[in-house]
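> Here it is, the structure in full.
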Amino acid sequence: MKKILVFAAATLLLGSCGLYNKYDRPDVNTKGLIRDAVSDADTLAVSLQDTASFGNLPWRAVFTDPQLQALIEQGLEKNANLQNAALTVQMYEAMLKAAKLAFLPSITFGTNTNMGSIQTVYMDPSKTTKSYTLPLTASWTLDFFGNFLSQKRSTQMKLLGYKDYQMAVRAQVIGGVANAYYTLLMLDEHLRIANDMAAMAKETWEMMQLQYNLGRARSTAVQSAEVAYLSTQTQANDIRRQIRSTENALSLLIGQAGQQIPRTTLAEQSLPTEFAVGVGIALLKNRPDVHSAEMTLASCFHDVQTARSQFYPTITIGATGAFSNVNGTVNPGKMLTNFFASLVQPIFARGALIANLKVSKLQYEQAFNNWQNTILAAGNEVSNALVNYNQYDANSKLEAQRVELLTKTVADVRKLYERSGSTYLEVLTAETQLRSAQINKVTDDFSKMQAVVSLYTALGGGGK
């Protein structure tokens with residue numbers, strides 16, 4: 001045993017350099033990761049003190065609508081994908097516990113015989129003797145070359161990665177519920193506009209019928225007004241269908257059967273208008289998917305260490321003990337002990353060890369590429385959300401001006417038509433333009449809300 005341990009120590013000093021290395025994050029350039037939302041050429045200039053990222057806010061501070069908060073809480077409690085992510089984390093916690101226990105000795109009882117068995121041996125033809133053996137074996141594989149250590153570290157990184165995945169799913173649930181809720185508010189507003197336009201179109205139709213009866217309008221004007229009225233009813237029905245479909249989708253997201261969703265109105269929503277995005281490097285910490293990709297990279301790093309350790313000997317020491325009466329010759333029985341040590345050095349494994357090491361290195365390179373790409377994608381998502389918010393906010397203000405002007409235009413044209421100062425076509429055109437501007441205004445407001453949700457998620461939102 002002494003010779004084996006001396007050989008093992010020499011081998012350790014000569015060949016195990018680097019087997020115990022811990023993962024160290026590779027260099028990554030995050031300069032210019034987030035583009036400026038206004039400038040077409042420059043990247044966003046943020047100070048190192050701008051670390052109070054919008055994504056770090058608790059979700060209740062971002063989504064203040066009480067009805068929406070109740071839906072998000074239900075989603076976080078009952079969403080099936082989030083529940084499965086939590087179960088996956090529990091599975092890897094159990095695997096990590098097993099990896100830690102691999103460092104301890106293995107103890108077995110009754111390996112080579114049935115405990116309490118009775119054997120009959122004919123030592124003398126005139127009588128029989130009874131023998132028994134109660135064996136106990138303990139063995140310990142020494143982790144001189146970091147095989148168990150690297151496997152444990154790899155499992156730790158995977159566990160951290162799945163915890164990040166759980167947080168990513170959580171952020172997706174929060175963002176998904178918020179987007180579906182805001183979609184319902186938008187559709188409610190579209191339905192209100194469609195109903196208002198239907199009432200206005202019906203009034204125009206009746207007014208043209210009166211003008212036709214008085215001989216002041218053609219029958220085609222009456223027919224066109226009726227067609228416009230029927231069109232508004234069709235649009236209202238289509239919006240009701242979309243509302244029902246969105247309610248069903250949101251119900252599934254929060255783990256309940258499809259049903260009506262309680263909600264407020266679009267006008268009652270209050271979302272942040274000032275956003276701190278933080279420095280680009282903050283995405284490496286805040287974004288769960290970015291951190292998960294890095295944990296996959298770290299796990300692959302330790303898998304390479306494990307593959308390298310398999311080229312080195314496996315050293316096992318142990319002892320066996322048995323309480324036995326030695327085939328019936330000793331009564332009562334006595335304790336027999338034996339110590340052993342073994343060293344197994346792989347010499348020729350038909351290329352399996354070399355292939356395993358090469359595959360592990362290639363998997364590490366793949367994980368590195370995926371990590372880099374995830375960082376770039378995160379920067380793009382933040383940039384897109386910022387520019388979307390700014391553009392939709394600007395469009396909403398312009399559409400508000402259009403709605404104000406067109407509302408006055410419709411009123412003026414209708415008065416002129418009653419005095420035969422304009423044609424039916426001018427009335428229909430003005431009403432159609434007003435309806436389009438109102439819908440565009442609502443859609444821009446909704447898209448602005450979506451941009452806020454996207455920015456919050458892109459910055460790693462989903463905090464408690």
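Please note that chains go A, B, ... in the order of the structure tokens, that every chain numbers its residues from 1, and that ligands are numbered from 1 in the order shown.
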Could you give me, as JSON, numbers by chain, the residues within 7 Å of A:Leu297, counting only C-alpha atoms and dropping anything in the same chain fewer than 4 positions from it?

{"A": [293, 301, 364, 367, 368]}

> Please run DSSP on the backbone and report, as a ChimeraX atom specification, all residues within stretch 306-453 of chain A that come out as helix (DSSP H, G or I).

/A:306-309,352-418,424-453

> Write out as an NGL selection string each polymer residue whose atoms come within 8 Å of stretch 440-452 of chain A, counting only C-alpha atoms; drop sequence neighbours fewer than 4 positions from it.

:A and (179 or 182-183 or 186 or 189-190 or 271-272 or 385-386 or 388-390 or 392-393 or 395-396 or 399-400 or 436 or 456)

> Okay, now the selection with C-alpha atoms, as a PDB file, in the first residue's frame?


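Writing done, so here's part_35.pdb:
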ATOM      1  CA  ASN A 179     -48.940  41.648 -22.352  1.00  0.00           C
ATOM      2  CA  TYR A 182     -52.831  45.005 -21.936  1.00  0.00           C
ATOM      3  CA  THR A 183     -54.047  43.304 -25.119  1.00  0.00           C
ATOM      4  CA  MET A 186     -56.605  47.522 -26.105  1.00  0.00           C
ATOM      5  CA  GLU A 189     -60.966  50.204 -26.318  1.00  0.00           C
ATOM      6  CA  HIS A 190     -61.185  49.068 -29.934  1.00  0.00           C
ATOM      7  CA  LEU A 271     -46.393  52.899 -16.338  1.00  0.00           C
ATOM      8  CA  PRO A 272     -42.890  54.324 -15.841  1.00  0.00           C
ATOM      9  CA  ALA A 385     -37.446  47.992 -26.584  1.00  0.00           C
ATOM     10  CA  LEU A 386     -36.016  51.472 -26.050  1.00  0.00           C
ATOM     11  CA  ASN A 388     -39.970  51.031 -29.782  1.00  0.00           C
ATOM     12  CA  TYR A 389     -41.066  52.957 -26.702  1.00  0.00           C
ATOM     13  CA  ASN A 390     -39.744  56.261 -28.045  1.00  0.00           C
ATOM     14  CA  TYR A 392     -44.674  54.624 -30.313  1.00  0.00           C
ATOM     15  CA  ASP A 393     -44.764  57.414 -27.741  1.00  0.00           C
ATOM     16  CA  ASN A 395     -46.706  58.345 -32.762  1.00  0.00           C
ATOM     17  CA  SER A 396     -49.286  58.352 -29.965  1.00  0.00           C
ATOM     18  CA  GLU A 399     -52.342  60.484 -33.406  1.00  0.00           C
ATOM     19  CA  ALA A 400     -53.837  62.384 -30.466  1.00  0.00           C
ATOM     20  CA  SER A 436     -58.686  55.058 -38.106  1.00  0.00           C
ATOM     21  CA  TYR A 456     -38.354  45.238 -18.191  1.00  0.00           C
TER      22      TYR A 456
END

> At a cut-off of 12 Å, using only C-alpha atoms, what residues contact A:Met207? Leave out same-chain residues fewer than 5 positions from it and give the result as an NGL selection string.

:A and (200-202 or 212-214 or 216-217 or 221-222 or 225-226 or 414-415 or 417-420 or 424 or 427)

> Mind pulling up the distance from atom CA of A:Leu191 to atom CA of A:Ile239?

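Atom CA of A:Leu191 lies 6.1 Å from atom CA of A:Ile239.
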
> Between A:Ser219, A:Leu455, A:Arg153, A:Ala298, which is the closest to A:Glu274 once you count only C-alpha atoms?

A:Leu455

> Env of A:Ser360: 10 Å cut, atoms = only C-alpha atoms, seq-sep filter 5 positions within chain, self excluded. Answer as a PyMOL selection string.

chain A and resi 300-308+354-355+365-366
